[in-house]
>>> print(open('run.cif').read())   # mmCIF, C-alpha atoms and all ligand atoms
data_final
#
loop_
_atom_site.label_atom_id
_atom_site.label_comp_id
_atom_site.auth_asym_id
_atom_site.auth_seq_id
_atom_site.Cartn_x
_atom_site.Cartn_y
_atom_site.Cartn_z
CA MET A 158 26.76 10.33 -0.84
CA SER A 159 23.79 8.05 -0.18
CA ILE A 160 22.77 4.62 -1.45
CA TYR A 161 19.22 5.92 -1.84
CA SER A 162 18.48 7.40 -5.25
CA GLY A 163 15.90 7.45 -8.02
CA ASP A 164 12.62 9.22 -8.74
CA VAL A 165 10.61 7.47 -6.06
CA PHE A 166 13.12 8.11 -3.29
CA ASP A 167 13.49 11.74 -4.38
CA MET A 168 9.73 12.07 -4.22
CA ALA A 169 9.53 10.72 -0.65
CA ALA A 170 12.39 13.04 0.37
CA ARG A 171 10.73 16.04 -1.26
CA GLN A 172 7.40 15.29 0.42
CA PHE A 173 9.20 15.00 3.75
CA GLY A 174 10.83 18.38 3.10
CA VAL A 175 7.38 19.95 2.68
CA ILE A 176 6.23 18.43 5.98
CA ALA A 177 9.44 19.31 7.83
CA ASN A 178 9.15 22.93 6.66
CA HIS A 179 5.51 23.04 7.65
CA LEU A 180 6.29 21.65 11.11
CA GLY A 181 9.42 23.81 11.48
CA ILE A 182 11.62 20.77 12.17
CA PRO A 183 15.23 21.91 12.74
CA MET A 184 17.66 20.90 9.99
CA ASP A 185 19.76 18.70 12.28
CA GLU A 186 16.72 16.59 13.18
CA ARG A 187 15.63 15.90 9.62
CA ASP A 188 18.04 13.15 8.57
CA ARG A 189 17.28 11.24 11.75
CA LEU A 190 13.61 11.17 10.78
CA LEU A 191 13.96 10.58 7.05
CA LEU A 192 16.88 8.20 6.56
CA PRO A 193 16.16 4.48 7.00
CA LYS A 194 17.62 2.74 10.02
CA ARG A 195 18.55 -0.41 8.10
CA ALA A 196 18.79 -1.45 4.46
CA ILE A 197 19.51 -5.03 3.56
CA THR A 198 20.44 -6.39 0.12
CA VAL A 199 20.59 -10.13 -0.46
CA SER A 200 21.45 -12.34 -3.43
CA CYS A 201 18.88 -15.06 -3.98
CA PRO A 202 20.19 -17.88 -6.16
CA ILE A 203 17.63 -20.38 -7.47
CA HIS A 204 17.60 -23.33 -9.85
CA ARG A 205 15.77 -22.41 -13.03
CA ASP A 206 13.54 -25.04 -14.62
CA ASP A 207 16.19 -25.66 -17.31
CA GLY A 208 18.74 -26.66 -14.63
CA SER A 209 20.74 -23.40 -14.74
CA VAL A 210 21.29 -21.21 -11.66
CA GLU A 211 20.19 -17.58 -11.61
CA VAL A 212 20.72 -14.97 -8.92
CA PHE A 213 18.01 -12.43 -8.15
CA GLU A 214 18.60 -9.35 -6.03
CA GLY A 215 16.38 -8.90 -2.97
CA TYR A 216 15.99 -5.94 -0.63
CA ARG A 217 14.45 -4.98 2.68
CA VAL A 218 14.46 -1.50 4.20
CA GLN A 219 13.44 -0.95 7.83
CA HIS A 220 12.78 2.74 8.24
CA HIS A 221 12.56 3.28 11.99
CA LEU A 222 12.40 1.07 15.07
CA THR A 223 11.09 3.70 17.48
CA LEU A 224 7.49 2.55 17.92
CA GLY A 225 7.80 -1.23 17.68
CA PRO A 226 8.58 -3.74 14.95
CA THR A 227 8.72 -2.56 11.37
CA LYS A 228 5.86 -3.48 9.05
CA GLY A 229 5.31 -3.46 5.34
CA GLY A 230 4.86 -5.35 2.12
CA THR A 231 7.21 -7.23 -0.18
CA ARG A 232 6.98 -6.52 -3.89
CA PHE A 233 8.14 -8.64 -6.79
CA ALA A 234 8.56 -6.39 -9.81
CA PRO A 235 11.20 -5.41 -12.40
CA SER A 236 11.36 -1.83 -11.04
CA VAL A 237 12.39 -2.87 -7.52
CA GLY A 238 15.56 -1.25 -6.22
CA ILE A 239 16.88 0.06 -2.93
CA GLY A 240 15.70 3.65 -3.53
CA GLU A 241 12.15 2.62 -4.40
CA VAL A 242 11.94 0.22 -1.46
CA ALA A 243 13.30 2.89 0.91
CA ALA A 244 10.68 5.40 -0.25
CA LEU A 245 7.91 2.86 0.24
CA ALA A 246 9.27 2.05 3.73
CA ILE A 247 9.24 5.75 4.63
CA TRP A 248 5.63 6.06 3.47
CA MET A 249 4.71 3.01 5.58
CA SER A 250 6.10 4.84 8.64
CA TRP A 251 3.91 7.92 8.15
CA LYS A 252 0.93 5.67 7.35
CA CYS A 253 1.28 3.47 10.46
CA ALA A 254 1.81 6.49 12.70
CA LEU A 255 -1.14 8.39 11.20
CA VAL A 256 -3.56 5.55 11.95
CA GLY A 257 -1.97 4.78 15.32
CA LEU A 258 -0.36 1.37 14.76
CA PRO A 259 2.63 0.39 16.96
CA TYR A 260 4.98 -0.04 14.01
CA GLY A 261 7.72 1.61 12.05
CA GLY A 262 7.60 1.31 8.27
CA ALA A 263 9.39 -1.27 6.16
CA LYS A 264 9.28 -2.50 2.60
CA GLY A 265 11.09 -5.15 0.64
CA GLY A 266 11.18 -6.81 -2.68
CA ILE A 267 12.90 -8.73 -5.39
CA ARG A 268 13.80 -7.34 -8.79
CA VAL A 269 12.08 -9.90 -11.02
CA ASP A 270 9.74 -9.95 -13.98
CA LEU A 271 7.06 -12.43 -12.92
CA ALA A 272 6.11 -13.05 -16.55
CA THR A 273 9.47 -14.76 -17.04
CA ILE A 274 9.37 -17.31 -14.19
CA SER A 275 7.32 -20.44 -13.57
CA LYS A 276 5.23 -21.23 -10.50
CA ARG A 277 7.95 -23.57 -9.21
CA GLU A 278 10.63 -20.92 -9.72
CA LEU A 279 8.41 -18.39 -7.93
CA GLU A 280 8.16 -20.71 -4.94
CA SER A 281 11.95 -21.25 -4.88
CA LEU A 282 12.58 -17.52 -5.10
CA SER A 283 10.04 -16.69 -2.38
CA ARG A 284 11.49 -19.29 -0.03
CA ARG A 285 15.10 -18.30 -0.74
CA TYR A 286 14.30 -14.62 -0.14
CA MET A 287 12.72 -15.38 3.24
CA GLN A 288 15.58 -17.70 4.16
CA GLU A 289 18.09 -14.91 3.39
CA MET A 290 16.04 -12.51 5.52
CA ILE A 291 15.88 -14.74 8.63
CA PRO A 292 18.65 -12.85 10.51
CA PHE A 293 16.84 -9.55 9.94
CA VAL A 294 13.11 -10.25 10.48
CA GLY A 295 10.95 -11.65 13.28
CA PRO A 296 7.47 -11.23 14.77
CA HIS A 297 8.85 -8.49 17.05
CA THR A 298 11.46 -7.15 14.62
CA ASP A 299 9.97 -6.85 11.14
CA VAL A 300 6.71 -8.31 9.81
CA MET A 301 6.24 -8.68 6.05
CA ALA A 302 3.00 -8.59 4.03
CA PRO A 303 1.92 -8.66 0.38
CA ASP A 304 2.46 -5.79 -2.04
CA MET A 305 2.67 -5.52 -5.83
CA GLY A 306 3.37 -8.95 -7.38
CA THR A 307 2.94 -10.96 -4.17
CA ASN A 308 -0.14 -12.59 -2.69
CA GLU A 309 -1.46 -14.96 -0.02
CA GLN A 310 0.38 -17.91 -1.56
CA VAL A 311 3.74 -16.11 -1.34
CA MET A 312 2.98 -15.20 2.28
CA ALA A 313 2.22 -18.86 3.04
CA TRP A 314 5.62 -19.85 1.57
CA PHE A 315 7.34 -17.11 3.62
CA MET A 316 5.62 -18.28 6.79
CA ASP A 317 6.40 -21.92 6.09
CA THR A 318 10.09 -21.23 5.34
CA TYR A 319 10.55 -19.16 8.52
CA SER A 320 8.67 -21.77 10.56
CA MET A 321 10.75 -24.68 9.22
CA TYR A 322 13.90 -22.91 10.46
CA GLN A 323 12.35 -22.28 13.89
CA GLY A 324 11.08 -25.85 14.20
CA ARG A 325 7.54 -24.68 14.98
CA THR A 326 4.75 -22.77 13.27
CA VAL A 327 5.23 -19.01 13.58
CA THR A 328 2.17 -17.55 11.89
CA GLU A 329 2.88 -14.04 13.25
CA ILE A 330 6.01 -13.65 11.08
CA VAL A 331 3.99 -12.35 8.10
CA THR A 332 0.48 -11.00 7.48
CA GLY A 333 -1.78 -11.29 4.48
CA LYS A 334 -1.64 -15.08 4.75
CA PRO A 335 -4.42 -17.39 3.59
CA VAL A 336 -7.12 -17.75 6.26
CA ALA A 337 -6.35 -21.49 6.34
CA SER A 338 -2.74 -20.76 7.41
CA GLY A 339 -3.31 -18.27 10.22
CA GLY A 340 -4.56 -15.33 8.16
CA THR A 341 -7.47 -13.18 9.23
CA LEU A 342 -10.89 -12.88 7.69
CA GLY A 343 -11.22 -9.56 5.90
CA ARG A 344 -7.51 -9.02 5.08
CA ARG A 345 -7.83 -9.83 1.38
CA GLU A 346 -10.61 -7.26 1.01
CA ALA A 347 -9.23 -4.76 3.56
CA THR A 348 -7.37 -2.26 1.39
CA GLY A 349 -10.03 -2.00 -1.31
CA ARG A 350 -12.79 -1.85 1.28
CA GLY A 351 -11.02 0.95 3.11
CA VAL A 352 -10.59 2.94 -0.12
CA ALA A 353 -14.29 2.54 -0.92
CA HIS A 354 -15.38 3.34 2.63
CA LEU A 355 -13.48 6.63 2.67
CA ALA A 356 -14.64 7.53 -0.85
CA LYS A 357 -18.23 6.94 0.29
CA ARG A 358 -17.72 9.23 3.29
CA VAL A 359 -16.42 11.99 1.03
CA MET A 360 -19.28 11.50 -1.43
CA ALA A 361 -21.75 11.95 1.44
CA GLU A 362 -20.01 15.21 2.38
CA LEU A 363 -20.08 16.43 -1.22
CA ALA A 364 -23.77 15.40 -1.51
CA ILE A 365 -23.02 13.01 -4.41
CA ASP A 366 -25.83 10.48 -4.93
CA LEU A 367 -24.18 7.03 -4.86
CA ASN A 368 -26.73 5.59 -7.26
CA ARG A 369 -25.91 8.19 -9.91
CA ALA A 370 -22.18 8.22 -9.31
CA THR A 371 -19.40 6.71 -11.42
CA ALA A 372 -15.98 5.28 -10.60
CA VAL A 373 -12.81 4.67 -12.60
CA ILE A 374 -10.15 2.27 -11.38
CA GLN A 375 -6.53 2.14 -12.58
CA GLY A 376 -5.03 -1.23 -11.61
CA PHE A 377 -7.01 -4.40 -11.07
CA GLY A 378 -4.88 -6.23 -8.53
CA ASN A 379 -5.94 -6.89 -4.96
CA VAL A 380 -6.56 -3.21 -4.14
CA GLY A 381 -8.25 -2.06 -7.35
CA SER A 382 -10.50 -5.08 -7.75
CA TYR A 383 -11.92 -5.00 -4.21
CA ALA A 384 -12.29 -1.20 -4.31
CA ALA A 385 -14.27 -1.59 -7.56
CA LEU A 386 -16.42 -4.37 -6.10
CA GLU A 387 -17.23 -2.42 -2.97
CA LEU A 388 -18.00 0.81 -4.85
CA GLN A 389 -20.30 -1.14 -7.15
CA GLN A 390 -22.05 -2.62 -4.12
CA PHE A 391 -22.58 0.94 -2.82
CA GLY A 392 -24.49 1.68 -6.05
CA LEU A 393 -21.79 3.32 -8.19
CA LYS A 394 -21.25 2.40 -11.83
CA VAL A 395 -17.64 1.38 -12.41
CA ILE A 396 -17.31 2.75 -15.94
CA ALA A 397 -13.63 1.99 -16.59
CA VAL A 398 -10.90 -0.31 -15.33
CA SER A 399 -7.32 -0.80 -16.50
CA ASP A 400 -4.35 -3.02 -15.73
CA HIS A 401 -0.90 -3.59 -17.26
CA THR A 402 -2.51 -5.29 -20.28
CA GLY A 403 -5.04 -2.62 -21.27
CA ALA A 404 -8.32 -0.97 -20.30
CA LEU A 405 -12.08 -1.56 -20.51
CA TYR A 406 -14.82 1.06 -20.67
CA ASP A 407 -18.59 0.69 -20.39
CA ALA A 408 -20.77 3.73 -19.76
CA ALA A 409 -23.45 1.40 -18.40
CA GLY A 410 -21.03 0.03 -15.80
CA LEU A 411 -18.72 -2.99 -15.98
CA ASP A 412 -19.72 -6.28 -14.36
CA ILE A 413 -17.07 -6.29 -11.61
CA PRO A 414 -17.70 -9.78 -10.15
CA ALA A 415 -17.42 -11.26 -13.67
CA LEU A 416 -14.25 -9.24 -14.33
CA MET A 417 -12.75 -10.45 -11.03
CA ARG A 418 -13.50 -14.05 -11.95
CA HIS A 419 -11.84 -13.50 -15.32
CA ALA A 420 -8.77 -11.81 -13.79
CA THR A 421 -8.38 -14.62 -11.24
CA ALA A 422 -8.58 -17.28 -13.95
CA HIS A 423 -6.36 -15.53 -16.54
CA GLY A 424 -4.08 -13.31 -14.45
CA SER A 425 -5.29 -10.05 -16.05
CA ILE A 426 -8.31 -8.32 -17.62
CA ALA A 427 -7.02 -9.16 -21.14
CA GLY A 428 -9.50 -11.16 -23.20
CA PHE A 429 -12.55 -10.19 -21.12
CA SER A 430 -14.17 -8.29 -23.99
CA THR A 431 -13.18 -6.90 -27.37
CA GLU A 432 -16.09 -4.40 -27.66
CA LEU A 433 -15.28 -2.70 -24.35
CA GLN A 434 -11.58 -2.12 -25.04
CA PHE A 435 -10.37 1.40 -24.31
CA ASP A 436 -7.16 3.45 -24.48
CA PRO A 437 -5.43 2.95 -21.08
CA THR A 438 -3.60 6.28 -21.37
CA GLN A 439 -6.98 8.07 -21.18
CA ILE A 440 -8.20 6.34 -18.05
CA LEU A 441 -7.00 8.80 -15.41
CA THR A 442 -8.57 11.80 -17.09
CA LEU A 443 -12.05 10.35 -17.66
CA ARG A 444 -14.94 12.31 -16.17
CA CYS A 445 -16.12 10.45 -13.07
CA ASP A 446 -17.03 10.94 -9.43
CA VAL A 447 -14.37 8.69 -7.91
CA LEU A 448 -10.98 7.99 -9.44
CA VAL A 449 -8.92 5.23 -7.79
CA PRO A 450 -5.30 4.99 -8.97
CA ALA A 451 -4.43 1.53 -7.62
CA ALA A 452 -1.53 0.53 -9.85
CA MET A 453 1.82 2.10 -9.09
CA GLU A 454 3.62 5.23 -8.02
CA ARG A 455 4.05 8.51 -9.96
CA VAL A 456 1.25 8.01 -12.51
CA ILE A 457 -0.32 11.44 -11.88
CA ASP A 458 2.12 14.19 -12.85
CA ALA A 459 1.40 17.92 -13.02
CA GLU A 460 0.00 17.69 -16.54
CA THR A 461 -2.38 14.85 -15.67
CA ALA A 462 -3.36 16.58 -12.42
CA ALA A 463 -4.49 19.61 -14.40
CA LYS A 464 -6.67 17.37 -16.59
CA LEU A 465 -8.31 15.23 -13.88
CA GLN A 466 -12.10 15.25 -14.14
CA CYS A 467 -12.93 13.35 -10.94
CA ARG A 468 -14.57 14.80 -7.83
CA VAL A 469 -12.79 12.43 -5.45
CA LEU A 470 -9.22 11.19 -5.93
CA ALA A 471 -8.90 8.10 -3.74
CA GLU A 472 -5.27 6.94 -3.78
CA GLY A 473 -5.25 3.15 -3.57
CA ALA A 474 -1.61 2.86 -4.69
CA ASN A 475 1.35 4.19 -2.72
CA GLY A 476 2.72 7.43 -4.14
CA PRO A 477 0.59 7.72 -7.30
CA THR A 478 0.76 11.54 -7.30
CA THR A 479 4.02 13.46 -7.78
CA PRO A 480 4.91 16.53 -5.68
CA ASP A 481 4.49 18.73 -8.81
CA ALA A 482 1.01 17.29 -9.27
CA ASP A 483 0.30 18.08 -5.62
CA LEU A 484 0.98 21.75 -6.34
CA VAL A 485 -1.63 21.64 -9.12
CA LEU A 486 -4.11 19.80 -6.91
CA ALA A 487 -3.61 22.39 -4.16
CA GLN A 488 -4.96 24.97 -6.64
CA ARG A 489 -7.85 22.66 -7.55
CA ARG A 490 -8.77 21.87 -3.94
CA ASP A 491 -12.42 22.87 -4.43
CA GLU A 492 -12.81 20.70 -7.55
CA VAL A 493 -10.91 17.53 -6.58
CA PHE A 494 -11.14 16.12 -3.06
CA LEU A 495 -7.90 14.24 -2.37
CA ILE A 496 -7.83 11.23 -0.04
CA PRO A 497 -4.05 10.76 0.22
CA ASP A 498 -2.43 7.33 0.00
CA VAL A 499 -1.17 7.20 3.59
CA LEU A 500 -4.77 7.36 4.73
CA CYS A 501 -6.68 5.97 1.76
CA ASN A 502 -4.90 2.62 1.43
CA SER A 503 -4.14 2.16 5.14
CA GLY A 504 -6.97 -0.37 5.57
CA GLY A 505 -4.49 -3.02 4.39
CA VAL A 506 -1.93 -2.48 7.11
CA ILE A 507 -4.64 -1.85 9.71
CA VAL A 508 -6.06 -5.32 9.10
CA SER A 509 -2.51 -6.72 8.91
CA TYR A 510 -2.11 -5.38 12.43
CA PHE A 511 -5.31 -7.20 13.44
CA GLU A 512 -3.93 -10.37 11.86
CA TRP A 513 -0.66 -10.06 13.81
CA VAL A 514 -2.55 -9.45 17.06
CA GLN A 515 -4.83 -12.45 16.44
CA ASP A 516 -1.84 -14.69 15.63
CA LEU A 517 0.02 -13.58 18.76
CA GLN A 518 -3.05 -14.25 20.89
CA GLN A 519 -4.35 -17.28 18.97
CA LEU A 520 -7.78 -15.73 19.31
CA PHE A 521 -9.59 -15.14 16.04
CA TRP A 522 -12.27 -12.58 15.25
CA GLU A 523 -15.41 -12.63 13.11
CA GLU A 524 -15.11 -10.81 9.77
CA ALA A 525 -17.72 -8.24 10.84
CA GLU A 526 -15.55 -7.39 13.84
CA VAL A 527 -12.46 -6.97 11.66
CA THR A 528 -14.24 -4.65 9.25
CA ARG A 529 -16.00 -2.64 11.98
CA ARG A 530 -12.69 -1.96 13.70
CA GLU A 531 -10.99 -1.15 10.38
CA TYR A 532 -13.60 1.50 9.57
CA GLN A 533 -13.43 2.89 13.10
CA ILE A 534 -9.69 3.53 12.73
CA LEU A 535 -10.08 4.92 9.21
CA ASP A 536 -12.87 7.28 10.30
CA ARG A 537 -10.86 8.56 13.24
CA ALA A 538 -7.80 9.23 11.08
CA PHE A 539 -9.97 10.89 8.41
CA ASP A 540 -11.50 13.23 11.01
CA GLN A 541 -8.04 14.09 12.34
CA MET A 542 -6.75 14.80 8.84
CA ILE A 543 -9.67 17.11 8.00
CA ALA A 544 -9.38 18.96 11.31
CA ARG A 545 -5.66 19.43 10.76
CA ALA A 546 -6.04 20.53 7.13
CA ASN A 547 -8.58 23.15 8.22
CA ALA A 548 -6.62 24.32 11.25
CA ASP A 549 -3.33 24.71 9.35
CA ASN A 550 -4.90 25.61 6.01
CA VAL A 551 -2.87 22.96 4.17
CA PRO A 552 -3.74 20.25 1.61
CA HIS A 553 -4.93 16.87 2.88
CA ARG A 554 -1.64 15.14 2.09
CA THR A 555 0.34 17.68 4.11
CA ALA A 556 -2.09 17.33 7.02
CA ALA A 557 -2.05 13.50 6.96
CA MET A 558 1.72 13.21 6.63
CA ALA A 559 2.30 15.92 9.24
CA ILE A 560 0.29 13.91 11.78
CA GLY A 561 2.37 10.81 11.00
CA VAL A 562 5.74 12.59 11.04
CA GLU A 563 4.84 14.42 14.24
CA LYS A 564 4.06 11.16 16.06
CA VAL A 565 7.34 9.53 15.01
CA ARG A 566 9.25 12.69 15.94
CA ALA A 567 7.60 12.91 19.37
CA ALA A 568 8.42 9.26 20.10
CA LYS A 569 12.06 9.73 19.05
CA ASN A 570 12.47 12.89 21.08
CA MET A 571 10.87 11.43 24.21
CA ARG A 572 13.09 8.36 24.04
CA GLY A 573 16.15 10.53 23.47
CA LEU A 574 19.33 9.80 21.57
CA PHE A 575 21.29 6.73 22.67
CA PRO A 576 23.95 6.70 24.09
N1 LIG A 601 1.79 -3.42 1.11
C1 LIG A 601 0.69 -2.82 1.80
C2 LIG A 601 0.90 -1.33 1.98
O1 LIG A 601 1.61 -0.73 1.20
C3 LIG A 601 0.33 -3.56 3.07
C4 LIG A 601 1.39 -3.58 4.13
C5 LIG A 601 1.03 -4.48 5.31
O2 LIG A 601 -0.07 -4.98 5.36
O3 LIG A 601 1.90 -4.62 6.16
O4 LIG A 601 0.31 -0.70 2.80
#
>>> encode(input="run.cif", output="structure tokens", more="lines below")
Ligand code: GLU
Amino acid sequence: MSIYSGDVFDMAARQFGVIANHLGIPMDERDRLLLPKRAITVSCPIHRDDGSVEVFEGYRVQHHLTLGPTKGGTRFAPSVGIGEVAALAIWMSWKCALVGLPYGGAKGGIRVDLATISKRELESLSRRYMQEMIPFVGPHTDVMAPDMGTNEQVMAWFMDTYSMYQGRTVTEIVTGKPVASGGTLGRREATGRGVAHLAKRVMAELAIDLNRATAVIQGFGNVGSYAALELQQFGLKVIAVSDHTGALYDAAGLDIPALMRHATAHGSIAGFSTELQFDPTQILTLRCDVLVPAAMERVIDAETAAKLQCRVLAEGANGPTTPDADLVLAQRRDEVFLIPDVLCNSGGVIVSYFEWVQDLQQLFWEEAEVTRREYQILDRAFDQMIARANADNVPHRTAAMAIGVEKVRAAKNMRGLFP
């Protein structure tokens, strides 16, 4: 009997099973690696604007504490539950280990539909969530960051709430903050930039001409929008974009800076154009060079995987591809080059790490330095993944996750079992 259940948790467990089998990890070591160290559930009561009181459920899962503090985002979405958050925390662990950050994985969130609460209620909820988490987080215990439904403003409220309780400013308690409140230059763009940087590397290897290439982006939040912008700056035409309100298609290429301005002003891509409207269910299977799923988990199942018409699948979201879809993609390895999530979207947490280091040292870097170091880490991890995939003759996801799992396992085994 476990508290962890649901499709997303089952997916993380199944993926881990594939890796554990590949690495020949003994059965009695597997639960120690997979099961989260801590899972916290809190009730967050807030005053609604009409004077009533409502309680929202909040979660935080800290997957392992072996390599340092835990690290990971906080999501505000109706789907949030302990199983989903645990899966996302587990993925953060493999991601941080793969790219060599001194962190275990964590994830948290509140089950809330943001469309139903006001800005004032959002601030109350954010502050109450952080206040409830104070016994369980800290700059050397667990460091939060943005994820789906949260942003720099929410991080500023988290940081302020924690700091008010400490009686001093503790910027290093969260990352992804506004630059004006101890954030780092280049964090907002980091995840999307990393996705685009790796996609560009793969396009060079596949001899795809950037100026004749096309990209399709599912999800136009922080990750999708900056990935689109960067790919467009590399010369690609971004022919289609979707979000939770619909999709837009333009064979001549969408104007991404204009679309970003619209999305910032209106909260979504809705209302940008009537002529360019497109069926969002068709977006993933459009013919293109680079497909970036940057919305949510489990959007590419086996059926969709068989129909993909992209050359490069650059996973901006966490867990967009199901294990059944992975089996299809393994057969299509020569047609679709997969850049798996734990590598592809790791630019975000890499630059979060830089933000944490800068806050601890109170020594701030130029944006060019942030981005140069981000790409250096991404390139190193990409090279390691490719070498491992070739050496073991396994798909990229298996190679990338195996490197991450192996590092966590080695650290646990060297430290030994206490007492
Ligand atoms: N939520 C992001 C992720 O899934 C960022 C985490 C962080 O920066 O700590 O990787």
>>> residues_around(input="run.cif", residues="segment 200-212 of chain A", least_positions_apart="2", cutoff="10 Å", atoms="all atoms listed in the file", output="PyMOL selection string")
chain A and resi 198+214-216+267+274-275+277-289
>>> write_last_selection(input="run.cif", atoms="C-alpha atoms", output="mmCIF file, keeping the file's coordinate frame")
data_model
loop_
_atom_site.group_PDB
_atom_site.id
_atom_site.type_symbol
_atom_site.label_atom_id
_atom_site.label_comp_id
_atom_site.auth_asym_id
_atom_site.auth_seq_id
_atom_site.Cartn_x
_atom_site.Cartn_y
_atom_site.Cartn_z
ATOM 1 C CA THR A 198 20.440 -6.390 0.120
ATOM 2 C CA GLU A 214 18.600 -9.350 -6.030
ATOM 3 C CA GLY A 215 16.380 -8.900 -2.970
ATOM 4 C CA TYR A 216 15.990 -5.940 -0.630
ATOM 5 C CA ILE A 267 12.900 -8.730 -5.390
ATOM 6 C CA ILE A 274 9.370 -17.310 -14.190
ATOM 7 C CA SER A 275 7.320 -20.440 -13.570
ATOM 8 C CA ARG A 277 7.950 -23.570 -9.210
ATOM 9 C CA GLU A 278 10.630 -20.920 -9.720
ATOM 10 C CA LEU A 279 8.410 -18.390 -7.930
ATOM 11 C CA GLU A 280 8.160 -20.710 -4.940
ATOM 12 C CA SER A 281 11.950 -21.250 -4.880
ATOM 13 C CA LEU A 282 12.580 -17.520 -5.100
ATOM 14 C CA SER A 283 10.040 -16.690 -2.380
ATOM 15 C CA ARG A 284 11.490 -19.290 -0.030
ATOM 16 C CA ARG A 285 15.100 -18.300 -0.740
ATOM 17 C CA TYR A 286 14.300 -14.620 -0.140
ATOM 18 C CA MET A 287 12.720 -15.380 3.240
ATOM 19 C CA GLN A 288 15.580 -17.700 4.160
ATOM 20 C CA GLU A 289 18.090 -14.910 3.390
#
>>> atom_distance(input="run.cif", atom1="atom CA of Arg189 of chain A", atom2="atom CA of Leu495 of chain A")
29.0 Å
>>> closest_residue(input="run.cif", among="A:Asp549, A:Gly295, A:Pro576, A:Val562", to="Phe173 of chain A", atoms="all atoms listed in the file")
A:Val562
>>> residues_near_point(input="run.cif", point="(-10.0, 6.3, -2.1)", cutoff="8 Å", atoms="all atoms listed in the file", output="PyMOL selection string")
chain A and resi 351-356+447-449+469-473+496-498+501-502
>>> closest_residue(input="run.cif", among="A:Arg572, A:Ile247, A:Leu342, A:Val493", to="Phe521 of chain A", atoms="only C-alpha atoms")
A:Leu342
>>> residues_around(input="run.cif", residues="segment 373-388 of chain A", least_positions_apart="5", cutoff="9 Å", atoms="all atoms listed in the file", output="MDAnalysis selection string")
chainID A and resid 304:306 308 345:354 356:357 367 393:401 404 413:414 416:417 420 425:426 437 440:441 443:453 467 473:474 502 505
>>> write_last_selection(input="run.cif", atoms="C-alpha atoms", output="short mmCIF file (atom, residue, chain, number, x, y, z; two decimals), in the frame of the given file")
data_model
loop_
_atom_site.label_atom_id
_atom_site.label_comp_id
_atom_site.auth_asym_id
_atom_site.auth_seq_id
_atom_site.Cartn_x
_atom_site.Cartn_y
_atom_site.Cartn_z
CA ASP A 304 2.46 -5.79 -2.04
CA MET A 305 2.67 -5.52 -5.83
CA GLY A 306 3.37 -8.95 -7.38
CA ASN A 308 -0.14 -12.59 -2.69
CA ARG A 345 -7.83 -9.83 1.38
CA GLU A 346 -10.61 -7.26 1.01
CA ALA A 347 -9.23 -4.76 3.56
CA THR A 348 -7.37 -2.26 1.39
CA GLY A 349 -10.03 -2.00 -1.31
CA ARG A 350 -12.79 -1.85 1.28
CA GLY A 351 -11.02 0.95 3.11
CA VAL A 352 -10.59 2.94 -0.12
CA ALA A 353 -14.29 2.54 -0.92
CA HIS A 354 -15.38 3.34 2.63
CA ALA A 356 -14.64 7.53 -0.85
CA LYS A 357 -18.23 6.94 0.29
CA LEU A 367 -24.18 7.03 -4.86
CA LEU A 393 -21.79 3.32 -8.19
CA LYS A 394 -21.25 2.40 -11.83
CA VAL A 395 -17.64 1.38 -12.41
CA ILE A 396 -17.31 2.75 -15.94
CA ALA A 397 -13.63 1.99 -16.59
CA VAL A 398 -10.90 -0.31 -15.33
CA SER A 399 -7.32 -0.80 -16.50
CA ASP A 400 -4.35 -3.02 -15.73
CA HIS A 401 -0.90 -3.59 -17.26
CA ALA A 404 -8.32 -0.97 -20.30
CA ILE A 413 -17.07 -6.29 -11.61
CA PRO A 414 -17.70 -9.78 -10.15
CA LEU A 416 -14.25 -9.24 -14.33
CA MET A 417 -12.75 -10.45 -11.03
CA ALA A 420 -8.77 -11.81 -13.79
CA SER A 425 -5.29 -10.05 -16.05
CA ILE A 426 -8.31 -8.32 -17.62
CA PRO A 437 -5.43 2.95 -21.08
CA ILE A 440 -8.20 6.34 -18.05
CA LEU A 441 -7.00 8.80 -15.41
CA LEU A 443 -12.05 10.35 -17.66
CA ARG A 444 -14.94 12.31 -16.17
CA CYS A 445 -16.12 10.45 -13.07
CA ASP A 446 -17.03 10.94 -9.43
CA VAL A 447 -14.37 8.69 -7.91
CA LEU A 448 -10.98 7.99 -9.44
CA VAL A 449 -8.92 5.23 -7.79
CA PRO A 450 -5.30 4.99 -8.97
CA ALA A 451 -4.43 1.53 -7.62
CA ALA A 452 -1.53 0.53 -9.85
CA MET A 453 1.82 2.10 -9.09
CA CYS A 467 -12.93 13.35 -10.94
CA GLY A 473 -5.25 3.15 -3.57
CA ALA A 474 -1.61 2.86 -4.69
CA ASN A 502 -4.90 2.62 1.43
CA GLY A 505 -4.49 -3.02 4.39
#
>>> decode(input="run.cif", residues="segment 327-339 of chain A", atoms="C-alpha atoms", output="PDB file, in the first residue's frame")
ATOM      1  CA  VAL A 327      16.757  35.283   2.532  1.00  0.00           C
ATOM      2  CA  THR A 328      16.887  35.454  -1.248  1.00  0.00           C
ATOM      3  CA  GLU A 329      18.415  31.956  -1.532  1.00  0.00           C
ATOM      4  CA  ILE A 330      15.204  30.276  -0.299  1.00  0.00           C
ATOM      5  CA  VAL A 331      13.715  30.167  -3.827  1.00  0.00           C
ATOM      6  CA  THR A 332      14.961  30.595  -7.400  1.00  0.00           C
ATOM      7  CA  GLY A 333      13.260  32.022 -10.452  1.00  0.00           C
ATOM      8  CA  LYS A 334      12.744  35.315  -8.622  1.00  0.00           C
ATOM      9  CA  PRO A 335      12.521  38.677 -10.352  1.00  0.00           C
ATOM     10  CA  VAL A 336      15.990  40.123 -11.020  1.00  0.00           C
ATOM     11  CA  ALA A 337      15.032  43.086  -8.815  1.00  0.00           C
ATOM     12  CA  SER A 338      14.525  40.745  -5.826  1.00  0.00           C
ATOM     13  CA  GLY A 339      17.703  38.669  -5.980  1.00  0.00           C
TER      14      GLY A 339
END
